[in-house]
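**Q** Pasting query.txt here (compact mmCIF, C-alpha atoms and all ligand atoms):
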# COMPACT_ATOMS: atom_id res chain seq x y z
CA MET A 1 48.58 118.00 -4.44
CA ALA A 2 48.59 121.31 -6.32
CA THR A 3 51.58 122.61 -8.22
CA ILE A 4 52.76 126.17 -7.69
CA VAL A 5 54.81 126.33 -10.88
CA PRO A 6 52.96 125.66 -14.17
CA LEU A 7 52.32 121.99 -14.89
CA LEU A 8 53.29 120.95 -18.41
CA SER A 9 50.78 119.09 -20.59
CA ARG A 10 51.61 115.64 -21.88
CA GLU A 11 52.25 117.09 -25.36
CA GLN A 12 54.67 119.65 -23.94
CA ILE A 13 56.50 116.94 -22.00
CA GLU A 14 56.81 114.82 -25.13
CA ARG A 15 58.53 117.73 -26.88
CA LEU A 16 61.23 117.96 -24.18
CA PRO A 17 64.71 116.56 -24.91
CA GLU A 18 64.85 112.85 -24.03
CA ARG A 19 67.17 113.16 -21.03
CA ALA A 20 65.08 115.98 -19.56
CA ARG A 21 62.04 113.67 -19.45
CA ASP A 22 63.72 111.34 -16.97
CA VAL A 23 62.74 112.90 -13.66
CA VAL A 24 64.59 110.30 -11.59
CA GLU A 25 68.25 109.79 -12.45
CA TYR A 26 71.19 108.35 -10.56
CA ARG A 27 74.02 110.85 -10.23
CA LYS A 28 77.25 110.33 -8.33
CA SER A 29 76.12 111.63 -4.95
CA GLY A 30 72.60 110.22 -5.04
CA LEU A 31 69.36 109.41 -6.80
CA SER A 32 68.20 112.72 -8.16
CA LEU A 33 64.59 113.92 -8.39
CA ASN A 34 63.97 116.61 -11.00
CA HIS A 35 60.29 117.01 -11.80
CA ILE A 36 60.69 120.80 -11.84
CA GLN A 37 62.95 122.23 -14.52
CA GLY A 38 63.91 125.79 -15.36
CA CYS A 39 66.04 128.35 -13.55
CA THR A 40 66.42 132.12 -13.63
CA LEU A 41 69.87 132.29 -12.09
CA ASP A 42 71.76 131.76 -15.38
CA CYS A 43 75.17 130.57 -14.16
CA ALA A 44 77.15 130.22 -17.41
CA TYR A 45 78.48 126.77 -16.45
CA CYS A 46 75.03 125.38 -15.55
CA ILE A 47 74.43 121.66 -16.01
CA ARG A 48 71.22 122.59 -17.84
CA HIS A 49 73.40 122.93 -20.95
CA ILE A 50 73.99 119.19 -20.84
CA TYR A 51 70.28 118.36 -20.59
CA GLU A 52 69.45 120.76 -23.46
CA LEU A 53 67.46 122.88 -21.00
CA TRP A 54 69.57 126.01 -21.00
CA GLY A 55 66.81 128.02 -22.70
CA GLN A 56 64.32 127.00 -20.02
CA ARG A 57 64.41 129.83 -17.47
CA GLN A 58 60.86 129.66 -16.15
CA PRO A 59 60.47 126.71 -13.73
CA ARG A 60 57.82 124.23 -14.90
CA ALA A 61 56.64 120.93 -13.44
CA LEU A 62 56.51 117.66 -15.33
CA MET A 63 54.17 116.17 -12.71
CA THR A 64 52.83 116.93 -9.23
CA ASP A 65 55.05 116.57 -6.18
CA ALA A 66 53.01 113.58 -4.96
CA GLN A 67 53.46 111.81 -8.31
CA ALA A 68 57.17 112.63 -8.32
CA VAL A 69 57.72 111.19 -4.84
CA GLU A 70 55.84 108.03 -5.86
CA GLU A 71 58.04 107.74 -8.92
CA LEU A 72 61.16 108.16 -6.78
CA VAL A 73 60.33 105.67 -4.03
CA ASN A 74 59.10 103.08 -6.53
CA HIS A 75 62.13 103.44 -8.77
CA ARG A 76 64.20 100.28 -9.15
CA TYR A 77 67.26 102.13 -7.87
CA PHE A 78 65.56 103.38 -4.71
CA GLN A 79 66.20 101.57 -1.43
CA ALA A 80 64.49 102.82 1.71
CA HIS A 81 66.99 104.09 4.32
CA VAL A 82 69.94 103.41 1.97
CA THR A 83 69.80 105.42 -1.25
CA PRO A 84 71.01 109.01 -0.89
CA ILE A 85 68.52 111.38 -2.53
CA GLN A 86 69.25 114.68 -4.27
CA LEU A 87 66.41 117.13 -4.75
CA PHE A 88 66.23 119.49 -7.75
CA ASN A 89 69.98 119.46 -8.44
CA ARG A 90 69.88 119.27 -12.21
CA ALA A 91 67.64 121.90 -13.73
CA THR A 92 66.48 124.36 -11.09
CA ASP A 93 67.35 125.78 -7.68
CA PRO A 94 65.25 124.28 -4.85
CA PHE A 95 64.86 127.67 -3.15
CA LEU A 96 63.80 129.82 -6.08
CA PRO A 97 60.62 131.53 -4.78
CA ALA A 98 58.32 129.46 -7.01
CA VAL A 99 60.16 126.20 -6.36
CA ARG A 100 60.54 126.34 -2.55
CA PRO A 101 56.94 125.16 -1.77
CA HIS A 102 57.64 122.09 -3.90
CA THR A 103 60.92 121.46 -2.09
CA PHE A 104 59.16 121.43 1.27
CA ALA A 105 56.26 119.34 -0.09
CA VAL A 106 58.68 116.65 -1.28
CA LEU A 107 60.68 116.70 1.98
CA ASN A 108 57.51 116.44 4.08
CA ASP A 109 56.14 113.60 1.97
CA LEU A 110 59.40 111.61 2.20
CA ASP A 111 59.64 112.24 5.93
CA LYS A 112 56.06 111.16 6.59
CA ARG A 113 56.92 107.81 5.03
CA GLY A 114 59.38 107.24 7.88
CA LEU A 115 62.38 107.24 5.55
CA THR A 116 65.82 107.91 7.05
CA ASN A 117 67.70 108.38 3.75
CA HIS A 118 70.19 111.18 3.25
CA VAL A 119 68.61 114.05 1.27
CA LEU A 120 71.00 116.56 -0.30
CA VAL A 121 69.54 119.97 -1.13
CA ILE A 122 71.92 122.21 -3.07
CA THR A 123 71.13 125.91 -3.33
CA ARG A 124 72.63 129.31 -3.99
CA HIS A 125 69.40 131.17 -3.30
CA ARG A 126 68.10 133.11 -0.32
CA MET A 127 66.78 131.07 2.59
CA GLN A 128 64.33 132.52 5.13
CA PRO A 129 64.39 132.44 8.96
CA GLU A 130 61.17 130.36 8.95
CA ASP A 131 62.95 127.65 6.93
CA ILE A 132 64.82 126.69 10.10
CA ALA A 133 61.65 125.56 11.88
CA ARG A 134 60.26 123.90 8.76
CA LEU A 135 63.40 121.80 8.37
CA ASN A 136 63.56 121.06 12.09
CA ASN A 137 60.04 119.59 11.84
CA LEU A 138 61.34 116.77 9.68
CA VAL A 139 61.66 113.78 11.97
CA ARG A 140 63.69 111.10 10.24
CA LEU A 141 65.23 112.24 6.98
CA LYS A 142 68.90 113.17 7.13
CA VAL A 143 68.79 116.53 5.39
CA THR A 144 71.93 118.36 4.31
CA LEU A 145 71.84 121.87 2.84
CA LEU A 146 74.76 122.54 0.51
CA PHE A 147 75.32 126.22 -0.25
CA THR A 148 76.98 126.76 -3.61
CA TYR A 149 79.47 129.56 -3.18
CA SER A 150 82.25 130.51 -5.58
CA GLY A 151 83.20 134.12 -4.87
CA ILE A 152 83.17 134.71 -8.66
CA ASP A 153 82.31 138.33 -9.31
CA ASP A 154 82.27 138.26 -13.12
CA GLU A 155 78.56 138.73 -13.80
CA ARG A 156 78.87 137.14 -17.23
CA ILE A 157 79.73 133.86 -15.47
CA GLU A 158 77.50 134.23 -12.40
CA PRO A 159 74.85 136.95 -12.63
CA PHE A 160 73.48 135.93 -9.22
CA PRO A 161 75.88 137.02 -6.45
CA SER A 162 77.67 134.48 -4.25
CA SER A 163 77.00 136.72 -1.27
CA VAL A 164 73.40 135.46 -1.19
CA ALA A 165 74.53 131.86 -0.70
CA ALA A 166 77.01 133.05 1.94
CA ASP A 167 74.19 134.82 3.84
CA SER A 168 71.94 131.77 3.58
CA LEU A 169 74.71 129.54 4.92
CA LYS A 170 75.23 131.85 7.88
CA LEU A 171 71.50 132.08 8.60
CA MET A 172 70.85 128.35 8.43
CA SER A 173 73.97 127.47 10.43
CA THR A 174 73.17 129.81 13.32
CA PRO A 175 70.85 127.68 15.50
CA GLU A 176 72.89 125.55 17.85
CA ARG A 177 70.25 122.83 17.93
CA ARG A 178 69.07 121.81 14.50
CA LYS A 179 68.27 118.54 12.78
CA TYR A 180 69.70 119.38 9.35
CA ARG A 181 73.35 119.98 8.49
CA THR A 182 74.99 122.78 6.50
CA ILE A 183 77.85 122.59 4.03
CA LEU A 184 79.87 125.27 2.31
CA TYR A 185 79.85 123.94 -1.25
CA TRP A 186 82.84 125.87 -2.54
CA ARG A 187 82.60 125.57 -6.30
CA PRO A 188 83.45 125.93 -9.04
CA LEU A 189 87.04 126.80 -8.27
CA VAL A 190 88.49 128.15 -11.50
CA PRO A 191 92.13 129.26 -11.91
CA GLY A 192 92.39 132.96 -12.65
CA LEU A 193 88.79 133.64 -11.79
CA ASN A 194 88.31 132.97 -8.08
CA ASP A 195 91.57 131.55 -6.77
CA SER A 196 93.38 134.68 -5.54
CA PRO A 197 94.71 134.57 -1.93
CA GLU A 198 91.81 136.88 -1.01
CA HIS A 199 89.25 134.48 -2.50
CA LEU A 200 90.80 131.56 -0.61
CA ASP A 201 90.88 133.49 2.67
CA GLU A 202 87.27 134.54 2.21
CA ALA A 203 86.16 130.94 1.69
CA PHE A 204 88.13 129.82 4.74
CA HIS A 205 86.47 132.51 6.81
CA LEU A 206 83.03 131.45 5.61
CA SER A 207 83.76 127.78 6.23
CA GLN A 208 83.96 128.47 9.96
CA VAL A 209 80.16 128.63 10.27
CA ALA A 210 79.43 125.46 8.25
CA ASP A 211 79.36 121.89 9.52
CA ALA A 212 81.74 120.96 6.70
CA THR A 213 83.25 122.31 3.48
CA VAL A 214 83.71 120.69 0.08
CA PHE A 215 85.90 122.25 -2.60
CA THR A 216 85.59 121.22 -6.18
CA GLY A 217 86.20 122.39 -9.71
CA LEU A 218 84.29 123.02 -12.88
CA PHE A 219 82.47 120.49 -15.02
CA TYR A 220 83.82 121.83 -18.31
CA ARG A 221 81.96 119.65 -20.76
CA ASP A 222 81.68 120.19 -24.50
CA GLN A 223 78.24 121.85 -24.34
CA ILE A 224 79.45 124.30 -21.69
CA ALA A 225 82.68 125.07 -23.58
CA GLU A 226 80.59 125.74 -26.68
CA TYR A 227 78.44 128.22 -24.77
CA TYR A 228 81.55 129.99 -23.43
CA LYS A 229 82.93 130.29 -26.97
CA GLN A 230 79.70 131.52 -28.53
CA ASN A 231 79.31 134.20 -25.89
CA GLY A 232 82.93 135.36 -25.83
CA LEU A 233 83.36 134.32 -22.18
CA PRO A 234 86.93 133.83 -20.88
CA GLU A 235 87.61 130.11 -21.31
CA PRO A 236 89.16 128.56 -18.20
CA TYR A 237 90.70 125.56 -19.98
CA GLU A 238 91.77 124.63 -23.50
CA ASP A 239 90.27 121.19 -23.18
CA THR A 240 87.05 119.66 -21.83
CA ALA A 241 86.64 116.70 -19.48
CA ARG A 242 83.98 114.33 -18.20
CA ARG A 243 85.11 114.87 -14.59
CA LYS A 244 85.49 117.99 -12.51
CA ILE A 245 88.72 119.95 -12.95
CA VAL A 246 90.90 121.01 -10.00
CA PRO A 247 94.52 121.67 -10.97
CA GLU A 248 97.18 120.26 -8.65
CA THR A 249 98.75 123.58 -7.68
CA LEU A 250 95.36 125.05 -6.78
CA GLU A 251 94.57 122.05 -4.61
CA ARG A 252 97.85 122.55 -2.71
CA ARG A 253 97.02 126.20 -2.08
CA VAL A 254 93.53 125.31 -0.86
CA LEU A 255 94.93 122.74 1.58
CA ALA A 256 97.48 125.27 2.86
CA THR A 257 94.77 127.89 3.44
CA PHE A 258 92.65 125.33 5.30
CA ALA A 259 95.58 123.86 7.25
CA THR A 260 93.82 124.47 10.57
CA SER A 261 90.42 123.22 9.37
CA GLU A 262 89.07 119.92 10.65
CA ALA A 263 86.23 119.68 8.20
CA LEU A 264 87.49 120.13 4.64
CA PHE A 265 86.65 117.44 2.10
CA ARG A 266 87.31 116.69 -1.55
CA LYS A 267 84.14 114.67 -2.02
CA THR A 268 80.54 115.71 -1.50
CA SER A 269 79.50 112.41 0.05
CA CYS A 270 82.43 112.57 2.52
CA ALA A 271 81.33 115.99 3.78
CA VAL A 272 77.66 114.97 4.00
CA ALA A 273 78.50 111.78 5.87
CA TYR A 274 80.88 113.57 8.24
CA ALA A 275 78.28 116.24 9.02
CA HIS A 276 75.91 113.48 10.19
CA ALA A 277 78.67 111.56 12.01
CA LEU A 278 78.35 108.64 9.61
CA PRO A 279 80.84 106.83 7.35
CA ASP A 280 81.06 107.93 3.70
CA TYR A 281 78.28 106.25 1.75
CA ASN A 282 80.33 106.30 -1.46
CA GLY A 283 83.10 104.13 0.00
CA HIS A 284 85.87 106.63 -0.73
CA TYR A 285 87.83 105.22 2.20
CA GLY A 286 89.28 102.65 -0.22
CA ILE A 287 90.98 105.48 -2.11
CA ARG A 288 93.35 106.08 0.77
CA GLU A 289 94.95 109.31 -0.43
CA LEU A 290 91.54 111.02 -0.34
CA CYS A 291 91.47 110.67 3.42
CA ASP A 292 94.68 112.56 4.24
CA ILE A 293 92.72 115.68 5.19
CA CYS A 294 90.02 113.92 7.18
CA PRO A 295 89.66 114.17 10.97
CA LEU A 296 90.66 111.07 12.96
CA SER A 297 87.16 110.47 14.32
CA GLN A 298 85.83 110.28 10.77
CA LEU A 299 88.69 108.07 9.57
CA ARG A 300 87.78 105.64 12.32
CA ARG A 301 84.12 105.60 11.29
CA CYS A 302 84.95 104.96 7.67
CA ALA A 303 87.57 102.32 8.53
CA GLU A 304 85.03 100.39 10.61
CA ALA A 305 82.44 100.50 7.85
CA HIS A 306 84.84 99.61 5.03
CA GLN A 307 84.24 96.12 3.66
CA VAL A 308 85.69 94.80 0.45
CA PRO A 309 82.91 92.88 -1.32
CA THR A 310 83.40 89.53 -3.02
CA VAL A 311 82.58 88.98 -6.69
CA GLU A 312 79.54 86.99 -5.55
CA GLN A 313 78.28 89.89 -3.44
CA LEU A 314 78.60 92.26 -6.40
CA TRP A 315 76.64 89.85 -8.57
CA GLU A 316 74.00 89.43 -5.91
CA VAL A 317 73.45 93.20 -5.68
CA ALA A 318 73.47 93.59 -9.48
CA GLU A 319 71.00 90.76 -9.99
CA VAL A 320 67.92 92.95 -9.55
CA LEU A 321 68.94 95.28 -12.38
CA PRO A 322 68.14 94.17 -15.94
CA GLU A 323 70.65 96.71 -17.27
CA ALA A 324 73.43 94.96 -15.31
CA ARG A 325 72.91 91.65 -17.15
CA ASP A 326 76.21 91.99 -19.00
CA LEU A 327 78.19 93.06 -15.93
CA VAL A 328 81.78 91.83 -15.88
CA VAL A 329 83.75 92.14 -12.63
CA LYS A 330 87.32 92.68 -13.86
CA ASP A 331 89.04 93.17 -10.54
CA ILE A 332 88.40 93.85 -6.87
CA THR A 333 91.07 95.42 -4.69
CA ALA A 334 90.92 97.17 -1.30
CA ARG A 335 90.45 100.42 -3.26
CA ALA A 336 87.64 99.60 -5.64
CA ALA A 337 85.86 97.07 -7.81
CA VAL A 338 86.52 97.55 -11.52
CA VAL A 339 83.66 96.53 -13.79
CA SER A 340 82.61 96.65 -17.41
CA GLY A 341 79.47 95.80 -19.36
CA LEU A 342 77.20 98.46 -17.83
CA VAL A 343 75.40 100.62 -20.38
CA SER A 344 75.52 103.79 -18.30
CA GLU A 345 76.86 105.22 -15.06
CA GLN A 346 73.56 104.86 -13.22
CA PRO A 347 73.68 101.13 -12.30
CA ARG A 348 77.28 101.62 -11.16
CA TYR A 349 76.15 104.20 -8.61
CA TYR A 350 73.46 101.77 -7.44
CA LEU A 351 76.14 99.12 -6.81
CA GLN A 352 78.39 101.67 -5.13
CA HIS A 353 75.78 102.97 -2.69
CA THR A 354 74.39 99.52 -1.90
CA LEU A 355 77.84 98.17 -1.05
CA GLY A 356 79.30 101.40 0.37
CA PHE A 357 82.31 100.61 -1.81
CA GLN A 358 83.81 102.29 -4.86
CA VAL A 359 82.85 100.70 -8.17
CA HIS A 360 84.82 102.01 -11.15
CA ASP A 361 84.18 101.64 -14.85
CA ALA A 362 87.09 99.90 -16.61
CA ALA A 363 86.59 102.29 -19.54
CA HIS A 364 87.29 105.34 -17.35
CA PRO A 365 90.28 104.44 -15.14
CA HIS A 366 90.91 106.50 -12.01
CA HIS A 367 94.47 107.69 -11.39
CA VAL A 368 96.33 107.36 -8.10
CA GLY A 369 96.36 110.65 -6.20
CA ARG A 370 94.01 112.32 -8.68
CA HIS A 371 90.93 112.01 -6.44
CA GLY A 372 88.63 111.01 -9.30
CA ARG A 373 89.20 114.32 -11.05
CA ALA A 374 89.98 115.22 -14.63
CA ASP A 375 93.59 114.93 -15.85
CA ILE A 376 93.75 118.61 -16.80
CA GLY A 377 96.27 120.41 -14.59
CA TRP A 378 97.92 117.30 -13.11
CA LYS A 379 101.41 115.99 -13.94
CA GLY A 380 102.03 112.32 -14.74
CA ARG A 381 99.42 109.83 -15.84
CA GLU A 382 100.13 106.74 -13.78
CA GLN A 383 97.33 104.21 -13.75
CA GLY A 384 95.68 103.26 -10.51
CA ASP A 385 92.64 102.41 -8.44
S1 LIG A 401 87.85 108.93 5.99
FE1 LIG A 401 88.09 109.09 3.78
S2 LIG A 401 86.25 108.19 2.95
FE2 LIG A 401 85.81 108.68 5.08
S3 LIG A 401 84.90 110.70 4.97
FE3 LIG A 401 87.10 110.95 5.32
S4 LIG A 401 87.90 111.26 3.25
FE4 LIG A 401 85.88 110.37 3.02
For the structure just supplied, provide its representation as structure tokens.
Ligand code: SF4
**A**
Amino acid sequence: MATIVPLLSREQIERLPERARDVVEYRKSGLSLNHIQGCTLDCAYCIRHIYELWGQRQPRALMTDAQAVEELVNHRYFQAHVTPIQLFNRATDPFLPAVRPHTFAVLNDLDKRGLTNHVLVITRHRMQPEDIARLNNLVRLKVTLLFTYSGIDDERIEPFPSSVAADSLKLMSTPERRKYRTILYWRPLVPGLNDSPEHLDEAFHLSQVADATVFTGLFYRDQIAEYYKQNGLPEPYEDTARRKIVPETLERRVLATFATSEALFRKTSCAVAYAHALPDYNGHYGIRELCDICPLSQLRRCAEAHQVPTVEQLWEVAEVLPEARDLVVKDITARAAVVSGLVSEQPRYYLQHTLGFQVHDAAHPHHVGRHGRADIGWKGREQGD
């Protein structure tokens, strides 16, 4: 299979930062395929900072699409029909003009294999009317398009306008009969930047066309904070965090604006699952306070699917992973299993998606009512889940 974007030589690949060379990586909402890296959209808060790829604007391929799909489906974390997949969500936009043929090539290849896995495709770029038919041709995959929209109009933070994502969402949501689902991915919500009553009303208005809406904050990690400082950008927070930041008061205002909405979610996987009329594949149902904004029909689905695993079941699932050899199950409650001994977050996501149940790292406790978000902007620090 040909590549449309330039294919890097082996020597060029070897010079890439170590993390960038891993084209398959487990992230929270799915197993992520990233064999094309480089983006021209230049959002200041881009995750490319974390993979030391910020300077890489021109998309380039580390391998062909066919090789990448082989690598994905043969990965030890991949389970046919189970593992949620994310396509090009780390270092490029799947609908940049040069990248879009690769996006469709990967989707077609996965679909031809008869796979029914969720595939999440996150974009802020322009989609075309012909994309509707191309996506409707996919027979089995459960495809969800997530349109990143923030309403931020400071071009130093987002040079590429949010209105493009809004138009794409409207276009792709228009057909009444379609196989794929659409989500308004309302992020990053940043106090003082895009949280005025007008911004909130605008997002609510836009959410009416989508199958579901997720609101979430900013990943304000050290590398991103450093970039903000170096470039004199207005810093949204004094501190950085490993989780996304949504201050408590802002969350209350969002919920008030969406009081009449039936399809607002705090978690990406919840919105994706709801849009396909399926229970949340991340098992968030255990974290009961997350579900207070969820429609009854969805609560029922998740309640029926919710099963608290035994220690033995956790061990059984972990057994196939060499990196889970030192796994220690510290506790299992109706909310989550708490474990230690895993070298990274990736095997934890494997356990979580296999069991459909939350698995937390004892080193990074979740707090009751905090929805797995950073502490910044929330009062009290009681320990929980
Ligand atoms: S019921 Fe809870 S876990 Fe299920 S989708 Fe709704 S918020 Fe998520």
**Q** Quick one: contact table of chain A to ligand LIG 401 (chain A), 8 Å max, nearest atom pair and distance in Å to one decimal per residue, counting only C-alpha atoms and all ligand atoms, chain and number order, as JSON lines?
**A**
{"residue": "A:Phe265", "atom": "CA", "partner": "A:LIG401", "partner_atom": "S4", "distance": 6.4}
{"residue": "A:Arg266", "atom": "CA", "partner": "A:LIG401", "partner_atom": "S4", "distance": 7.3}
{"residue": "A:Lys267", "atom": "CA", "partner": "A:LIG401", "partner_atom": "FE4", "distance": 6.8}
{"residue": "A:Ser269", "atom": "CA", "partner": "A:LIG401", "partner_atom": "FE4", "distance": 7.3}
{"residue": "A:Cys270", "atom": "CA", "partner": "A:LIG401", "partner_atom": "S3", "distance": 3.9}
{"residue": "A:Ala271", "atom": "CA", "partner": "A:LIG401", "partner_atom": "S3", "distance": 6.5}
{"residue": "A:Ala273", "atom": "CA", "partner": "A:LIG401", "partner_atom": "S3", "distance": 6.6}
{"residue": "A:Tyr274", "atom": "CA", "partner": "A:LIG401", "partner_atom": "S3", "distance": 5.9}
{"residue": "A:Pro279", "atom": "CA", "partner": "A:LIG401", "partner_atom": "FE2", "distance": 5.8}
{"residue": "A:Asp280", "atom": "CA", "partner": "A:LIG401", "partner_atom": "S3", "distance": 4.9}
{"residue": "A:Asn282", "atom": "CA", "partner": "A:LIG401", "partner_atom": "S2", "distance": 7.6}
{"residue": "A:Gly283", "atom": "CA", "partner": "A:LIG401", "partner_atom": "S2", "distance": 5.9}
{"residue": "A:His284", "atom": "CA", "partner": "A:LIG401", "partner_atom": "S2", "distance": 4.0}
{"residue": "A:Tyr285", "atom": "CA", "partner": "A:LIG401", "partner_atom": "S2", "distance": 3.4}
{"residue": "A:Gly286", "atom": "CA", "partner": "A:LIG401", "partner_atom": "S2", "distance": 7.1}
{"residue": "A:Ile287", "atom": "CA", "partner": "A:LIG401", "partner_atom": "S2", "distance": 7.4}
{"residue": "A:Arg288", "atom": "CA", "partner": "A:LIG401", "partner_atom": "FE1", "distance": 6.8}
{"residue": "A:Leu290", "atom": "CA", "partner": "A:LIG401", "partner_atom": "S4", "distance": 5.1}
{"residue": "A:Cys291", "atom": "CA", "partner": "A:LIG401", "partner_atom": "S4", "distance": 3.6}
{"residue": "A:Asp292", "atom": "CA", "partner": "A:LIG401", "partner_atom": "S4", "distance": 7.0}
{"residue": "A:Ile293", "atom": "CA", "partner": "A:LIG401", "partner_atom": "S4", "distance": 6.8}
{"residue": "A:Cys294", "atom": "CA", "partner": "A:LIG401", "partner_atom": "FE3", "distance": 4.6}
{"residue": "A:Pro295", "atom": "CA", "partner": "A:LIG401", "partner_atom": "FE3", "distance": 7.0}
{"residue": "A:Leu296", "atom": "CA", "partner": "A:LIG401", "partner_atom": "S1", "distance": 7.8}
{"residue": "A:Gln298", "atom": "CA", "partner": "A:LIG401", "partner_atom": "S1", "distance": 5.4}
{"residue": "A:Leu299", "atom": "CA", "partner": "A:LIG401", "partner_atom": "S1", "distance": 3.8}
{"residue": "A:Arg300", "atom": "CA", "partner": "A:LIG401", "partner_atom": "S1", "distance": 7.1}
{"residue": "A:Arg301", "atom": "CA", "partner": "A:LIG401", "partner_atom": "FE2", "distance": 7.1}
{"residue": "A:Cys302", "atom": "CA", "partner": "A:LIG401", "partner_atom": "FE2", "distance": 4.6}
{"residue": "A:Ala303", "atom": "CA", "partner": "A:LIG401", "partner_atom": "S1", "distance": 7.1}
**Q** For the residues in that selection, give me C-alpha atoms as a PDB file, in the coordinates of the input.
**A**
ATOM      1  CA  PHE A 265      86.650 117.440   2.100  1.00  0.00           C
ATOM      2  CA  ARG A 266      87.310 116.690  -1.550  1.00  0.00           C
ATOM      3  CA  LYS A 267      84.140 114.670  -2.020  1.00  0.00           C
ATOM      4  CA  SER A 269      79.500 112.410   0.050  1.00  0.00           C
ATOM      5  CA  CYS A 270      82.430 112.570   2.520  1.00  0.00           C
ATOM      6  CA  ALA A 271      81.330 115.990   3.780  1.00  0.00           C
ATOM      7  CA  ALA A 273      78.500 111.780   5.870  1.00  0.00           C
ATOM      8  CA  TYR A 274      80.880 113.570   8.240  1.00  0.00           C
ATOM      9  CA  PRO A 279      80.840 106.830   7.350  1.00  0.00           C
ATOM     10  CA  ASP A 280      81.060 107.930   3.700  1.00  0.00           C
ATOM     11  CA  ASN A 282      80.330 106.300  -1.460  1.00  0.00           C
ATOM     12  CA  GLY A 283      83.100 104.130   0.000  1.00  0.00           C
ATOM     13  CA  HIS A 284      85.870 106.630  -0.730  1.00  0.00           C
ATOM     14  CA  TYR A 285      87.830 105.220   2.200  1.00  0.00           C
ATOM     15  CA  GLY A 286      89.280 102.650  -0.220  1.00  0.00           C
ATOM     16  CA  ILE A 287      90.980 105.480  -2.110  1.00  0.00           C
ATOM     17  CA  ARG A 288      93.350 106.080   0.770  1.00  0.00           C
ATOM     18  CA  LEU A 290      91.540 111.020  -0.340  1.00  0.00           C
ATOM     19  CA  CYS A 291      91.470 110.670   3.420  1.00  0.00           C
ATOM     20  CA  ASP A 292      94.680 112.560   4.240  1.00  0.00           C
ATOM     21  CA  ILE A 293      92.720 115.680   5.190  1.00  0.00           C
ATOM     22  CA  CYS A 294      90.020 113.920   7.180  1.00  0.00           C
ATOM     23  CA  PRO A 295      89.660 114.170  10.970  1.00  0.00           C
ATOM     24  CA  LEU A 296      90.660 111.070  12.960  1.00  0.00           C
ATOM     25  CA  GLN A 298      85.830 110.280  10.770  1.00  0.00           C
ATOM     26  CA  LEU A 299      88.690 108.070   9.570  1.00  0.00           C
ATOM     27  CA  ARG A 300      87.780 105.640  12.320  1.00  0.00           C
ATOM     28  CA  ARG A 301      84.120 105.600  11.290  1.00  0.00           C
ATOM     29  CA  CYS A 302      84.950 104.960   7.670  1.00  0.00           C
ATOM     30  CA  ALA A 303      87.570 102.320   8.530  1.00  0.00           C
TER      31      ALA A 303
END
**Q** Quick one: everything within 6 Å of range 200-214 of chain A, counting only C-alpha atoms, minus sequence neighbours fewer than 3 positions away in the same chain. Send it as a short mmCIF file (atom, residue, chain, number, x, y, z; two decimals) with C-alpha atoms, in the coordinates of the input.
**A**
data_model
loop_
_atom_site.label_atom_id
_atom_site.label_comp_id
_atom_site.auth_asym_id
_atom_site.auth_seq_id
_atom_site.Cartn_x
_atom_site.Cartn_y
_atom_site.Cartn_z
CA THR A 182 74.99 122.78 6.50
CA ILE A 183 77.85 122.59 4.03
CA LEU A 184 79.87 125.27 2.31
CA TYR A 185 79.85 123.94 -1.25
CA TRP A 186 82.84 125.87 -2.54
CA PRO A 197 94.71 134.57 -1.93
CA ALA A 263 86.23 119.68 8.20
CA LEU A 264 87.49 120.13 4.64
CA PHE A 265 86.65 117.44 2.10
CA ARG A 266 87.31 116.69 -1.55
CA ALA A 271 81.33 115.99 3.78
CA ALA A 275 78.28 116.24 9.02
#
**Q** Counting only C-alpha atoms, what is within 9 Å of Arg178 in chain A, bar same-chain residues fewer than 4 positions away, as an MDAnalysis selection string?
**A** chainID A and resid 132:133 135:136 173
**Q** Env of range 78-90 of chain A: 10 Å cut, atoms = all atoms listed in the file, seq-sep filter 4 positions within chain, self excluded. Answer as an MDAnalysis selection string.
**A** chainID A and resid 20 23:39 46:48 50:51 53 71:74 94:95 99 102:103 106:107 113:123 140:144 269 281:282 349:350 353:356
**Q** I need the residue nearest Leu351 in chain A from this list: A:Met63, A:Thr333, A:Tyr77, A:Arg126. Use only C-alpha atoms for the distance.
**A**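 Answer, going by the shortest atom-to-atom distance: A:Tyr77.
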**Q** So which residues touch range 190-196 of chain A within 12 Å, counting all atoms listed in the file, skipping near sequence neighbours fewer than 6 positions away, as a PyMOL selection string?
**A** chain A and resi 45+149-158+162+202-203+215-220+233-237+244-254+257+376-377
**Q** My list of candidates is A:Asp109, A:Leu16, A:Glu262, A:Arg76. Which is closest to Val320 in chain A when distances are computed with all atoms listed in the file?
**A**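 The closest residue to Val320 in chain A is A:Arg76.
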**Q** Which of these residues is nearest to Arg221 in chain A, using all atoms listed in the file: A:Arg187, A:Lys330, A:Ala324, A:His49?
**A** A:His49
**Q** Suppose you want the space between CA of Asp93 in chain A and CA of Ala105 in chain A; what is it in Å?
**A**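 Interatomic distance, CA of Asp93 in chain A to CA of Ala105 in chain A: 14.9 Å.
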**Q** In Å, rounded to a single decimal, give me how far CA of Ala334 in chain A is from CA of Val311 in chain A.
**A**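 One can read the CA of Val311 in chain A to CA of Ala334 in chain A distance as 12.9 Å.
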**Q** For a test of reading the model, state the distance in Å between CA of Asn231 in chain A and CA of Trp54 in chain A, rounded to one decimal.
**A**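 So the two atoms, CA of Asn231 in chain A and CA of Trp54 in chain A, lie 13.6 Å apart.
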**Q** Starting from the point (79.9, 93.1, -6.1), work out which residues of protein, DNA or RNA have an atom no more than 9 Å away when counting all atoms listed in the file; state them as a PyMOL selection string.
**A** chain A and resi 308-318+329+332+337+351-352+355+357+359
**Q** Identify which of the residues A:Arg325, A:Arg124, A:Arg181, A:Arg19 lies closest to Cys43 in chain A, counting only C-alpha atoms when measuring atom-to-atom distances.
**A** A:Arg124
